[in-house]
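Visitor: What follows is work.txt, made up of compact mmCIF, C-alpha atoms and all ligand atoms:
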# COMPACT_ATOMS: atom_id res chain seq x y z
CA MET F 147 -45.17 -68.00 -20.46
CA ASN F 148 -46.01 -70.78 -22.88
CA ALA F 149 -49.58 -69.45 -22.79
CA CYS F 150 -49.12 -66.00 -21.34
CA SER F 151 -51.85 -64.76 -19.03
CA LEU F 152 -49.88 -62.22 -17.03
CA CYS F 153 -52.20 -59.31 -17.87
CA PRO F 154 -55.99 -59.08 -18.22
CA ARG F 155 -55.77 -59.70 -21.96
CA LYS F 156 -54.68 -63.29 -21.32
CA CYS F 157 -53.65 -63.42 -24.97
CA GLY F 158 -52.17 -66.90 -24.56
CA ALA F 159 -49.05 -66.25 -26.63
CA ASP F 160 -46.45 -68.98 -26.38
CA ARG F 161 -43.59 -66.65 -25.59
CA THR F 162 -41.24 -69.50 -24.79
CA HIS F 163 -41.31 -70.64 -28.42
CA GLY F 164 -40.74 -67.42 -30.32
CA ALA F 165 -44.21 -65.89 -30.24
CA HIS F 166 -44.78 -62.32 -29.16
CA GLY F 167 -47.86 -61.38 -27.17
CA TYR F 168 -50.47 -58.78 -27.92
CA CYS F 169 -48.27 -56.39 -25.96
CA GLY F 170 -45.31 -57.25 -28.19
CA ALA F 171 -43.24 -58.91 -25.46
CA GLY F 172 -41.27 -62.02 -26.32
CA ALA F 173 -38.90 -64.36 -24.53
CA THR F 174 -36.39 -61.75 -23.31
CA PRO F 175 -36.83 -58.63 -21.17
CA ARG F 176 -36.60 -55.51 -23.29
CA LEU F 177 -35.74 -52.15 -21.74
CA PHE F 178 -35.63 -48.64 -23.08
CA ARG F 179 -34.18 -46.48 -20.33
CA TRP F 180 -33.12 -46.78 -16.71
CA GLY F 181 -31.80 -44.32 -14.16
CA PRO F 182 -32.62 -42.17 -11.13
CA HIS F 183 -35.85 -40.20 -11.35
CA PHE F 184 -36.68 -37.33 -9.02
CA GLY F 185 -40.07 -36.46 -10.50
CA GLU F 186 -42.12 -39.20 -8.86
CA GLU F 187 -44.25 -38.70 -5.75
CA PRO F 188 -42.19 -37.47 -2.74
CA PRO F 189 -41.95 -40.72 -0.72
CA LEU F 190 -40.51 -42.49 -3.75
CA VAL F 191 -37.69 -40.06 -4.45
CA GLU F 192 -36.18 -39.56 -1.00
CA ASN F 193 -32.54 -40.56 -0.64
CA GLY F 194 -31.17 -40.86 -4.14
CA GLY F 195 -34.26 -40.78 -6.33
CA SER F 196 -36.40 -43.56 -7.66
CA GLY F 197 -34.51 -46.12 -9.71
CA CYS F 198 -36.71 -46.25 -12.78
CA VAL F 199 -36.60 -49.03 -15.33
CA PHE F 200 -38.75 -48.33 -18.39
CA PHE F 201 -39.69 -51.63 -19.98
CA SER F 202 -40.42 -51.72 -23.69
CA ARG F 203 -43.88 -52.79 -24.89
CA CYS F 204 -47.05 -52.30 -22.91
CA THR F 205 -50.27 -54.14 -22.19
CA MET F 206 -52.24 -50.93 -22.88
CA LYS F 207 -52.44 -49.15 -26.22
CA CYS F 208 -53.06 -45.54 -25.21
CA LEU F 209 -53.46 -43.28 -28.19
CA TYR F 210 -51.99 -40.42 -26.15
CA CYS F 211 -48.95 -42.34 -24.87
CA GLN F 212 -45.97 -40.12 -24.22
CA ASN F 213 -43.65 -43.11 -24.32
CA SER F 214 -44.70 -44.38 -27.74
CA PRO F 215 -41.16 -45.00 -29.05
CA TRP F 216 -40.79 -47.91 -26.65
CA SER F 217 -44.34 -48.67 -25.49
CA TRP F 218 -45.90 -48.91 -28.96
CA ARG F 219 -42.92 -49.30 -31.27
CA GLY F 220 -40.80 -51.49 -29.02
CA GLU F 221 -37.58 -49.49 -29.19
CA GLY F 222 -35.01 -50.55 -26.62
CA VAL F 223 -32.52 -53.30 -26.01
CA ASP F 224 -33.05 -56.95 -25.15
CA LYS F 225 -31.38 -57.81 -21.86
CA ALA F 226 -30.90 -61.32 -20.58
CA VAL F 227 -31.69 -61.90 -16.91
CA PRO F 228 -28.05 -61.49 -15.73
CA GLU F 229 -27.88 -58.14 -17.57
CA LEU F 230 -31.16 -57.05 -16.04
CA ALA F 231 -29.73 -57.98 -12.64
CA GLU F 232 -26.67 -55.80 -13.33
CA ILE F 233 -28.93 -52.88 -14.24
CA LEU F 234 -30.83 -53.26 -10.97
CA ARG F 235 -27.52 -53.54 -9.12
CA GLU F 236 -26.26 -50.35 -10.78
CA LEU F 237 -29.38 -48.45 -9.71
CA ALA F 238 -28.98 -49.66 -6.13
CA VAL F 239 -25.22 -49.57 -5.62
CA LYS F 240 -23.81 -46.98 -8.04
CA ASP F 241 -26.73 -44.58 -8.38
CA GLY F 242 -27.83 -45.00 -4.75
CA CYS F 243 -31.52 -45.05 -5.60
CA ALA F 244 -34.15 -45.54 -2.92
CA ASN F 245 -36.14 -48.18 -4.78
CA TRP F 246 -36.50 -50.09 -8.02
CA ASN F 247 -39.30 -48.44 -9.93
CA LEU F 248 -40.57 -50.91 -12.52
CA VAL F 249 -42.45 -48.96 -15.18
CA SER F 250 -44.96 -51.21 -16.99
CA PRO F 251 -43.26 -54.42 -15.81
CA THR F 252 -46.12 -56.90 -16.22
CA PRO F 253 -44.98 -58.79 -19.36
CA TYR F 254 -41.55 -59.35 -17.80
CA LEU F 255 -42.35 -60.31 -14.21
CA PRO F 256 -40.81 -63.81 -14.31
CA PHE F 257 -37.48 -62.35 -15.47
CA ILE F 258 -37.53 -59.57 -12.90
CA ARG F 259 -38.16 -62.11 -10.16
CA GLU F 260 -35.18 -64.14 -11.35
CA ALA F 261 -32.91 -61.07 -11.49
CA ALA F 262 -33.97 -59.97 -8.01
CA ALA F 263 -33.28 -63.43 -6.60
CA THR F 264 -29.70 -63.26 -7.93
CA LEU F 265 -29.17 -59.91 -6.27
CA ARG F 266 -30.69 -61.01 -2.98
CA LYS F 267 -28.04 -63.71 -2.77
CA ASP F 268 -25.44 -60.91 -2.95
CA GLY F 269 -27.23 -58.90 -0.27
CA VAL F 270 -28.48 -56.26 -2.74
CA LYS F 271 -32.10 -55.40 -2.11
CA LEU F 272 -34.35 -52.39 -2.52
CA PRO F 273 -38.11 -51.97 -2.24
CA PHE F 274 -39.93 -52.46 -5.52
CA VAL F 275 -42.36 -49.96 -6.99
CA TRP F 276 -44.85 -51.59 -9.37
CA ASN F 277 -45.62 -48.62 -11.59
CA SER F 278 -48.66 -49.41 -13.68
CA SER F 279 -51.64 -48.19 -15.64
CA GLY F 280 -53.67 -50.33 -13.24
CA TYR F 281 -54.53 -52.81 -15.99
CA GLU F 282 -53.52 -55.83 -13.95
CA ARG F 283 -54.79 -59.22 -12.83
CA VAL F 284 -55.11 -59.83 -9.10
CA GLU F 285 -53.84 -63.38 -9.68
CA THR F 286 -50.64 -61.95 -11.14
CA LEU F 287 -50.25 -59.45 -8.31
CA GLU F 288 -50.62 -62.31 -5.84
CA GLU F 289 -48.10 -64.45 -7.68
CA TYR F 290 -45.48 -61.68 -7.85
CA ARG F 291 -46.29 -59.83 -4.66
CA GLU F 292 -42.62 -59.60 -3.65
CA LEU F 293 -42.18 -57.19 -6.57
CA CYS F 294 -44.83 -54.85 -5.16
CA ASP F 295 -43.72 -53.06 -2.00
CA TRP F 296 -45.21 -49.87 -3.44
CA ALA F 297 -48.16 -50.00 -5.81
CA LEU F 298 -48.16 -46.89 -7.98
CA PHE F 299 -51.36 -47.60 -9.89
CA ASP F 300 -53.50 -45.43 -12.13
CA LEU F 301 -57.25 -45.30 -12.08
CA ARG F 302 -57.64 -43.87 -15.55
CA TYR F 303 -61.23 -44.61 -16.64
CA ALA F 304 -64.57 -45.28 -14.98
CA ASN F 305 -66.25 -46.36 -18.19
CA ASP F 306 -65.07 -49.34 -20.22
CA ALA F 307 -66.07 -47.72 -23.51
CA SER F 308 -63.59 -44.91 -22.79
CA ALA F 309 -60.87 -47.42 -21.90
CA VAL F 310 -61.41 -49.26 -25.17
CA ARG F 311 -61.53 -46.10 -27.21
CA ALA F 312 -58.50 -44.39 -25.72
CA SER F 313 -56.35 -47.32 -24.55
CA GLY F 314 -57.64 -50.41 -26.35
CA ALA F 315 -58.14 -51.99 -22.92
CA PRO F 316 -61.33 -54.04 -22.54
CA GLY F 317 -62.37 -54.71 -18.96
CA TYR F 318 -60.15 -51.93 -17.67
CA VAL F 319 -62.49 -50.59 -15.00
CA ALA F 320 -63.01 -53.87 -13.15
CA ALA F 321 -59.34 -54.84 -13.53
CA ALA F 322 -57.93 -51.54 -12.30
CA ARG F 323 -60.36 -51.27 -9.40
CA ALA F 324 -59.59 -54.82 -8.30
CA ALA F 325 -55.86 -54.03 -8.55
CA VAL F 326 -56.26 -50.91 -6.41
CA LYS F 327 -58.25 -52.84 -3.81
CA TRP F 328 -55.54 -55.48 -3.73
CA ALA F 329 -52.87 -52.78 -3.38
CA ALA F 330 -54.71 -51.15 -0.49
CA GLU F 331 -54.59 -54.44 1.40
CA ASN F 332 -51.19 -55.78 0.39
CA ALA F 333 -48.80 -52.92 -0.43
CA LYS F 334 -48.11 -49.25 0.11
CA PRO F 335 -50.51 -47.78 -2.45
CA ILE F 336 -50.50 -44.51 -4.35
CA VAL F 337 -53.41 -44.06 -6.75
CA ARG F 338 -52.77 -41.76 -9.64
CA ILE F 339 -55.72 -39.88 -11.07
CA LEU F 340 -54.52 -38.48 -14.39
CA VAL F 341 -57.26 -36.12 -15.51
CA LEU F 342 -57.93 -36.67 -19.21
CA PRO F 343 -59.52 -34.09 -21.51
CA GLY F 344 -63.24 -34.68 -21.81
CA LEU F 345 -63.12 -37.37 -19.10
CA ALA F 346 -63.01 -35.34 -15.88
CA ASP F 347 -66.36 -36.88 -14.90
CA GLU F 348 -64.73 -40.31 -14.95
CA ALA F 349 -61.92 -39.11 -12.69
CA ILE F 350 -64.56 -37.87 -10.26
CA GLU F 351 -66.43 -41.16 -10.50
CA ASN F 352 -63.22 -43.01 -9.62
CA LEU F 353 -62.61 -40.75 -6.63
CA ALA F 354 -66.17 -41.46 -5.46
CA TRP F 355 -65.57 -45.19 -5.90
CA LEU F 356 -62.28 -44.99 -4.00
CA ALA F 357 -63.87 -43.08 -1.10
CA THR F 358 -66.79 -45.48 -0.77
CA GLU F 359 -65.27 -48.85 -1.74
CA VAL F 360 -61.68 -48.47 -0.48
CA SER F 361 -61.03 -45.47 1.76
CA ASN F 362 -60.57 -41.74 1.47
CA GLU F 363 -57.39 -42.24 3.50
CA ILE F 364 -55.61 -43.90 0.58
CA PRO F 365 -52.93 -41.60 -0.90
CA VAL F 366 -54.01 -40.14 -4.22
CA SER F 367 -51.99 -38.22 -6.76
CA VAL F 368 -54.20 -35.98 -8.88
CA MET F 369 -52.42 -34.93 -12.04
CA ALA F 370 -52.98 -32.09 -14.49
CA GLN F 371 -49.99 -32.91 -16.68
CA TYR F 372 -51.80 -34.63 -19.56
CA THR F 373 -50.14 -33.55 -22.80
CA PRO F 374 -51.35 -34.65 -26.23
CA ALA F 375 -48.87 -36.95 -27.92
CA TYR F 376 -48.69 -39.62 -30.58
CA LYS F 377 -52.11 -40.59 -32.02
CA ALA F 378 -53.90 -38.18 -29.67
CA LEU F 379 -52.58 -35.27 -31.72
CA GLU F 380 -55.28 -36.00 -34.27
CA THR F 381 -57.98 -37.50 -32.03
CA PRO F 382 -60.32 -35.06 -30.25
CA PRO F 383 -60.76 -34.52 -27.35
CA PHE F 384 -57.36 -36.04 -26.61
CA ASN F 385 -55.63 -33.49 -28.81
CA ARG F 386 -55.79 -30.80 -26.15
CA THR F 387 -54.69 -30.30 -22.58
CA VAL F 388 -57.15 -30.42 -19.70
CA SER F 389 -59.01 -27.16 -19.12
CA ARG F 390 -58.73 -25.38 -15.81
CA GLU F 391 -62.46 -25.88 -15.28
CA GLU F 392 -62.18 -29.63 -15.85
CA TYR F 393 -59.19 -29.95 -13.58
CA GLU F 394 -60.70 -27.92 -10.78
CA SER F 395 -63.88 -30.01 -10.90
CA VAL F 396 -61.69 -33.01 -10.02
CA THR F 397 -59.60 -31.32 -7.32
CA GLU F 398 -62.79 -29.96 -5.71
CA ALA F 399 -64.30 -33.44 -5.76
CA ALA F 400 -61.17 -34.83 -4.08
CA ALA F 401 -61.63 -32.28 -1.30
CA ASP F 402 -65.39 -32.94 -1.06
CA PHE F 403 -64.81 -36.69 -0.73
CA GLY F 404 -62.37 -36.03 2.13
CA PHE F 405 -59.08 -37.12 0.54
CA GLU F 406 -56.30 -35.62 2.63
CA ASN F 407 -53.37 -37.92 1.92
CA GLY F 408 -51.49 -37.41 -1.28
CA TRP F 409 -50.68 -34.75 -3.81
CA ILE F 410 -52.56 -32.44 -6.12
CA GLN F 411 -50.58 -31.00 -9.00
CA ASP F 412 -50.91 -27.33 -9.67
CA TYR F 413 -52.90 -26.63 -12.82
CA ALA F 414 -49.72 -25.07 -14.26
CA ALA F 415 -48.51 -28.64 -14.86
CA ALA F 416 -50.93 -28.74 -17.79
CA ASP F 417 -48.62 -26.38 -19.67
CA PRO F 418 -47.22 -28.45 -22.56
CA LYS F 419 -43.90 -26.61 -22.26
CA LEU F 420 -43.42 -28.20 -18.84
CA ALA F 421 -44.49 -31.66 -19.85
CA PHE F 422 -42.19 -34.60 -19.51
CA LEU F 423 -42.22 -36.17 -22.93
CA GLY F 424 -40.77 -39.64 -23.08
CA GLU F 425 -40.57 -39.10 -26.81
CA ASN F 426 -37.60 -36.84 -26.19
CA MET F 427 -35.72 -39.22 -23.94
CA THR F 428 -32.83 -41.26 -25.27
CA ASP F 429 -32.34 -44.91 -24.47
CA GLY F 430 -29.87 -46.56 -22.11
CA HIS F 431 -28.70 -45.53 -18.66
CA GLY F 432 -29.20 -41.96 -17.51
CA SER F 433 -31.21 -39.79 -15.19
CA VAL F 434 -34.87 -39.41 -16.06
CA SER F 435 -36.02 -35.84 -16.44
S1 LIG W 501 -48.53 -59.61 -20.82
FE1 LIG W 501 -48.47 -59.46 -23.08
S2 LIG W 501 -48.13 -61.58 -23.75
FE2 LIG W 501 -48.85 -61.67 -21.61
S3 LIG W 501 -51.10 -61.87 -21.70
FE3 LIG W 501 -50.66 -59.69 -21.59
S4 LIG W 501 -50.57 -59.02 -23.72
FE4 LIG W 501 -50.37 -61.23 -23.75
Take the structure I supplied and represent it as structure tokens, if you would.
Guide:
Amino acid sequence: MNACSLCPRKCGADRTHGAHGYCGAGATPRLFRWGPHFGEEPPLVENGGSGCVFFSRCTMKCLYCQNSPWSWRGEGVDKAVPELAEILRELAVKDGCANWNLVSPTPYLPFIREAAATLRKDGVKLPFVWNSSGYERVETLEEYRELCDWALFDLRYANDASAVRASGAPGYVAAARAAVKWAAENAKPIVRILVLPGLADEAIENLAWLATEVSNEIPVSVMAQYTPAYKALETPPFNRTVSREEYESVTEAAADFGFENGWIQDYAAADPKLAFLGENMTDGHGSVS
């Protein structure tokens, strides 16, 4: 990490000598919240829930981020590797979680690897879920493949201009598609299609790409739950939920392209009253709801 290139930004920050990267990450893992989560896709929550660890900072800068207190503003607590190992141990042994669900882990992969190695020596091991926006480098996935038993990756945009505008993520489309292809060949993949207001066409384009370039047998999770938050509150069209018409255009496309494995949220999930808002979650250990 003396010239960090873990994510597609390859910002080159010398994180070993006090610098913080574009994402905000420095020389110590920083966490906001950890605990069992029962709201993930069904295979991830069987037997004790998914042991989520929400890492502070993020390689994306989504104007609609529901986790802005820690993703944008870096709230949370620095944890040295032995403390991170104890958190993972707690999720496995005390909470009885089914897996370690690493939410936006990319800036901290070397530390997570070190923590996991300590636990392995003690016989503590769970499958890892690499829970990501999809903005990843294949080289990094290869390097840290033991942290990716499950790949829970988004395909958020099909147009780079949208990715730059809404998430400040240049090169997103090629990066996320390459990551999904890698996941299909090397892990148990779940591809999340979060339908964004005004961008339903891009969700459909991604489903078409998946069906033709990967397989329509890959599990997909089509989500209606987008809720305006943070900077999206004043940025049309991101300041509204997804319309029923938009959402149904995507679910119909999923059926037309022959996707049969996975999950399609009911449109009722677009109700802001039901939304999970990370902004309301406190830090530290606790269940995630
Ligand atoms: S993970 Fe963070 S520090 Fe590393 S290249 Fe990406 S933005 Fe820069």
Visitor: Using all atoms listed in the file, which residues of chain F come within 7 Å of ligand LIG 501 (chain W), and what is the closest atom pair for each, with the distance in Å to one decimal? Give it as a Markdown table, sorted by chain and residue number.
Guide:
| residue | atom | partner | partner_atom | distance |
| --- | --- | --- | --- | --- |
| F:Cys150 | CA | W:LIG501 | FE2 | 4.3 |
| F:Ser151 | CA | W:LIG501 | S3 | 4.0 |
| F:Leu152 | CA | W:LIG501 | FE2 | 4.7 |
| F:Cys153 | CA | W:LIG501 | FE3 | 4.0 |
| F:Pro154 | CA | W:LIG501 | FE3 | 6.3 |
| F:Arg155 | CA | W:LIG501 | FE3 | 5.1 |
| F:Lys156 | CA | W:LIG501 | S3 | 3.9 |
| F:Cys157 | CA | W:LIG501 | FE4 | 4.1 |
| F:Gly158 | CA | W:LIG501 | S3 | 5.9 |
| F:Ala159 | CA | W:LIG501 | S2 | 5.6 |
| F:His166 | CA | W:LIG501 | S2 | 6.4 |
| F:Gly167 | CA | W:LIG501 | S2 | 3.4 |
| F:Tyr168 | CA | W:LIG501 | S4 | 4.2 |
| F:Cys169 | CA | W:LIG501 | S4 | 4.2 |
| F:Gly170 | CA | W:LIG501 | FE1 | 6.4 |
| F:Ala171 | CA | W:LIG501 | FE1 | 5.8 |
| F:Thr205 | CA | W:LIG501 | S4 | 5.1 |
| F:Thr252 | CA | W:LIG501 | S1 | 5.9 |
| F:Pro253 | CA | W:LIG501 | S1 | 3.9 |
Visitor: Smallest atom-to-atom distance to Ala238 in chain F: which of F:Pro182, F:Leu255, F:Pro215, F:Ser308, using all atoms listed in the file?
Guide: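 Result for the nearest residue to Ala238 in chain F: F:Pro182.
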Visitor: Determine, counting all atoms listed in the file, which protein, DNA and RNA residues have an atom within 6 Å of an atom of Gly220 in chain F; residues of the same chain fewer than 4 positions away are not included. Present the result as a VMD selection string.
Guide: chain F and resid 202 to 203 216
Visitor: Please provide as a VMD selection string all residues within 9 Å of range 378-390 of chain F, with the sequence filter that same-chain residues fewer than 5 positions apart are discarded (counting all atoms listed in the file).
Guide: chain F and resid 208 to 211 312 341 to 344 346 370 to 373 395 413 416 to 418
Visitor: Those residues you just picked out, can you put them in a file as a JSON list (two decimals), in the coordinates of the input with C-alpha atoms?
Guide:
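Heads up, here's the output in part-v4.json:
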[["chain", "number", "residue", "atom", "x", "y", "z"],
["F", 208, "CYS", "CA", -53.06, -45.54, -25.21],
["F", 209, "LEU", "CA", -53.46, -43.28, -28.19],
["F", 210, "TYR", "CA", -51.99, -40.42, -26.15],
["F", 211, "CYS", "CA", -48.95, -42.34, -24.87],
["F", 312, "ALA", "CA", -58.50, -44.39, -25.72],
["F", 341, "VAL", "CA", -57.26, -36.12, -15.51],
["F", 342, "LEU", "CA", -57.93, -36.67, -19.21],
["F", 343, "PRO", "CA", -59.52, -34.09, -21.51],
["F", 344, "GLY", "CA", -63.24, -34.68, -21.81],
["F", 346, "ALA", "CA", -63.01, -35.34, -15.88],
["F", 370, "ALA", "CA", -52.98, -32.09, -14.49],
["F", 371, "GLN", "CA", -49.99, -32.91, -16.68],
["F", 372, "TYR", "CA", -51.80, -34.63, -19.56],
["F", 373, "THR", "CA", -50.14, -33.55, -22.80],
["F", 395, "SER", "CA", -63.88, -30.01, -10.90],
["F", 413, "TYR", "CA", -52.90, -26.63, -12.82],
["F", 416, "ALA", "CA", -50.93, -28.74, -17.79],
["F", 417, "ASP", "CA", -48.62, -26.38, -19.67],
["F", 418, "PRO", "CA", -47.22, -28.45, -22.56]]
Visitor: What does the distance from CA of Tyr318 in chain F to CA of Leu298 in chain F come to in Å, to one decimal?
Guide: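 Atom-to-atom, CA of Tyr318 in chain F and CA of Leu298 in chain F are spaced 16.2 Å apart.
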Visitor: What does the structure give for the distance between CA of Tyr281 in chain F and CA of Pro251 in chain F, in Å to one decimal?
Guide: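 Going from CA of Tyr281 in chain F over to CA of Pro251 in chain F covers 11.4 Å.
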Visitor: Identify which of the residues F:Val360, F:Ala375, F:Ala330, F:Val270 lies closest to Ser214 in chain F, counting all atoms listed in the file when measuring atom-to-atom distances.
Guide: F:Ala375
Visitor: Using the partial input, fill out range 368-392 of chain F with N, CA and C atoms; write the result as a PDB file, in the frame of the given file.
Guide:
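Printed below is selection-v9.pdb as written:
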ATOM      1  N   VAL F 368     -53.338 -36.526  -7.822  1.00  0.00           N
ATOM      2  CA  VAL F 368     -54.200 -35.980  -8.880  1.00  0.00           C
ATOM      3  C   VAL F 368     -53.314 -35.158  -9.819  1.00  0.00           C
ATOM      4  N   MET F 369     -53.393 -35.474 -11.109  1.00  0.00           N
ATOM      5  CA  MET F 369     -52.420 -34.930 -12.040  1.00  0.00           C
ATOM      6  C   MET F 369     -53.067 -34.139 -13.181  1.00  0.00           C
ATOM      7  N   ALA F 370     -52.497 -32.967 -13.420  1.00  0.00           N
ATOM      8  CA  ALA F 370     -52.980 -32.090 -14.490  1.00  0.00           C
ATOM      9  C   ALA F 370     -52.121 -32.182 -15.742  1.00  0.00           C
ATOM     10  N   GLN F 371     -51.081 -33.017 -15.704  1.00  0.00           N
ATOM     11  CA  GLN F 371     -49.990 -32.910 -16.680  1.00  0.00           C
ATOM     12  C   GLN F 371     -50.277 -33.533 -18.047  1.00  0.00           C
ATOM     13  N   TYR F 372     -51.501 -34.004 -18.262  1.00  0.00           N
ATOM     14  CA  TYR F 372     -51.800 -34.630 -19.560  1.00  0.00           C
ATOM     15  C   TYR F 372     -51.357 -33.719 -20.705  1.00  0.00           C
ATOM     16  N   THR F 373     -50.604 -34.287 -21.619  1.00  0.00           N
ATOM     17  CA  THR F 373     -50.140 -33.550 -22.800  1.00  0.00           C
ATOM     18  C   THR F 373     -50.420 -34.394 -24.035  1.00  0.00           C
ATOM     19  N   PRO F 374     -51.073 -33.852 -25.041  1.00  0.00           N
ATOM     20  CA  PRO F 374     -51.350 -34.650 -26.230  1.00  0.00           C
ATOM     21  C   PRO F 374     -50.057 -35.134 -26.884  1.00  0.00           C
ATOM     22  N   ALA F 375     -50.042 -36.380 -27.243  1.00  0.00           N
ATOM     23  CA  ALA F 375     -48.870 -36.950 -27.920  1.00  0.00           C
ATOM     24  C   ALA F 375     -49.348 -38.062 -28.838  1.00  0.00           C
ATOM     25  N   TYR F 376     -48.488 -38.458 -29.710  1.00  0.00           N
ATOM     26  CA  TYR F 376     -48.690 -39.620 -30.580  1.00  0.00           C
ATOM     27  C   TYR F 376     -50.050 -39.537 -31.290  1.00  0.00           C
ATOM     28  N   LYS F 377     -50.862 -40.582 -31.244  1.00  0.00           N
ATOM     29  CA  LYS F 377     -52.110 -40.590 -32.020  1.00  0.00           C
ATOM     30  C   LYS F 377     -53.137 -39.593 -31.498  1.00  0.00           C
ATOM     31  N   ALA F 378     -52.954 -39.144 -30.253  1.00  0.00           N
ATOM     32  CA  ALA F 378     -53.900 -38.180 -29.670  1.00  0.00           C
ATOM     33  C   ALA F 378     -53.838 -36.841 -30.396  1.00  0.00           C
ATOM     34  N   LEU F 379     -52.729 -36.576 -31.065  1.00  0.00           N
ATOM     35  CA  LEU F 379     -52.580 -35.270 -31.720  1.00  0.00           C
ATOM     36  C   LEU F 379     -53.671 -35.051 -32.763  1.00  0.00           C
ATOM     37  N   GLU F 380     -54.227 -36.156 -33.267  1.00  0.00           N
ATOM     38  CA  GLU F 380     -55.280 -36.000 -34.270  1.00  0.00           C
ATOM     39  C   GLU F 380     -56.603 -36.648 -33.837  1.00  0.00           C
ATOM     40  N   THR F 381     -56.771 -36.842 -32.523  1.00  0.00           N
ATOM     41  CA  THR F 381     -57.980 -37.500 -32.030  1.00  0.00           C
ATOM     42  C   THR F 381     -58.648 -36.671 -30.940  1.00  0.00           C
ATOM     43  N   PRO F 382     -59.614 -35.810 -31.291  1.00  0.00           N
ATOM     44  CA  PRO F 382     -60.320 -35.060 -30.250  1.00  0.00           C
ATOM     45  C   PRO F 382     -61.074 -36.022 -29.330  1.00  0.00           C
ATOM     46  N   PRO F 383     -61.244 -35.720 -28.044  1.00  0.00           N
ATOM     47  CA  PRO F 383     -60.760 -34.520 -27.350  1.00  0.00           C
ATOM     48  C   PRO F 383     -59.351 -34.676 -26.806  1.00  0.00           C
ATOM     49  N   PHE F 384     -58.672 -35.772 -27.207  1.00  0.00           N
ATOM     50  CA  PHE F 384     -57.360 -36.040 -26.610  1.00  0.00           C
ATOM     51  C   PHE F 384     -56.248 -35.174 -27.217  1.00  0.00           C
ATOM     52  N   ASN F 385     -56.622 -34.348 -28.164  1.00  0.00           N
ATOM     53  CA  ASN F 385     -55.630 -33.490 -28.810  1.00  0.00           C
ATOM     54  C   ASN F 385     -55.468 -32.142 -28.108  1.00  0.00           C
ATOM     55  N   ARG F 386     -55.963 -32.048 -26.895  1.00  0.00           N
ATOM     56  CA  ARG F 386     -55.790 -30.800 -26.150  1.00  0.00           C
ATOM     57  C   ARG F 386     -55.420 -31.128 -24.697  1.00  0.00           C
ATOM     58  N   THR F 387     -54.942 -30.107 -24.006  1.00  0.00           N
ATOM     59  CA  THR F 387     -54.690 -30.300 -22.580  1.00  0.00           C
ATOM     60  C   THR F 387     -56.018 -30.217 -21.823  1.00  0.00           C
ATOM     61  N   VAL F 388     -55.960 -30.493 -20.552  1.00  0.00           N
ATOM     62  CA  VAL F 388     -57.150 -30.420 -19.700  1.00  0.00           C
ATOM     63  C   VAL F 388     -57.426 -28.960 -19.380  1.00  0.00           C
ATOM     64  N   SER F 389     -58.705 -28.564 -19.437  1.00  0.00           N
ATOM     65  CA  SER F 389     -59.010 -27.160 -19.120  1.00  0.00           C
ATOM     66  C   SER F 389     -58.945 -26.944 -17.614  1.00  0.00           C
ATOM     67  N   ARG F 390     -58.761 -25.706 -17.243  1.00  0.00           N
ATOM     68  CA  ARG F 390     -58.730 -25.380 -15.810  1.00  0.00           C
ATOM     69  C   ARG F 390     -60.050 -25.786 -15.154  1.00  0.00           C
ATOM     70  N   GLU F 391     -61.143 -25.543 -15.845  1.00  0.00           N
ATOM     71  CA  GLU F 391     -62.460 -25.880 -15.280  1.00  0.00           C
ATOM     72  C   GLU F 391     -62.575 -27.396 -15.038  1.00  0.00           C
ATOM     73  N   GLU F 392     -62.147 -28.174 -16.022  1.00  0.00           N
ATOM     74  CA  GLU F 392     -62.180 -29.630 -15.850  1.00  0.00           C
ATOM     75  C   GLU F 392     -61.323 -30.053 -14.664  1.00  0.00           C
TER      76      GLU F 392
END
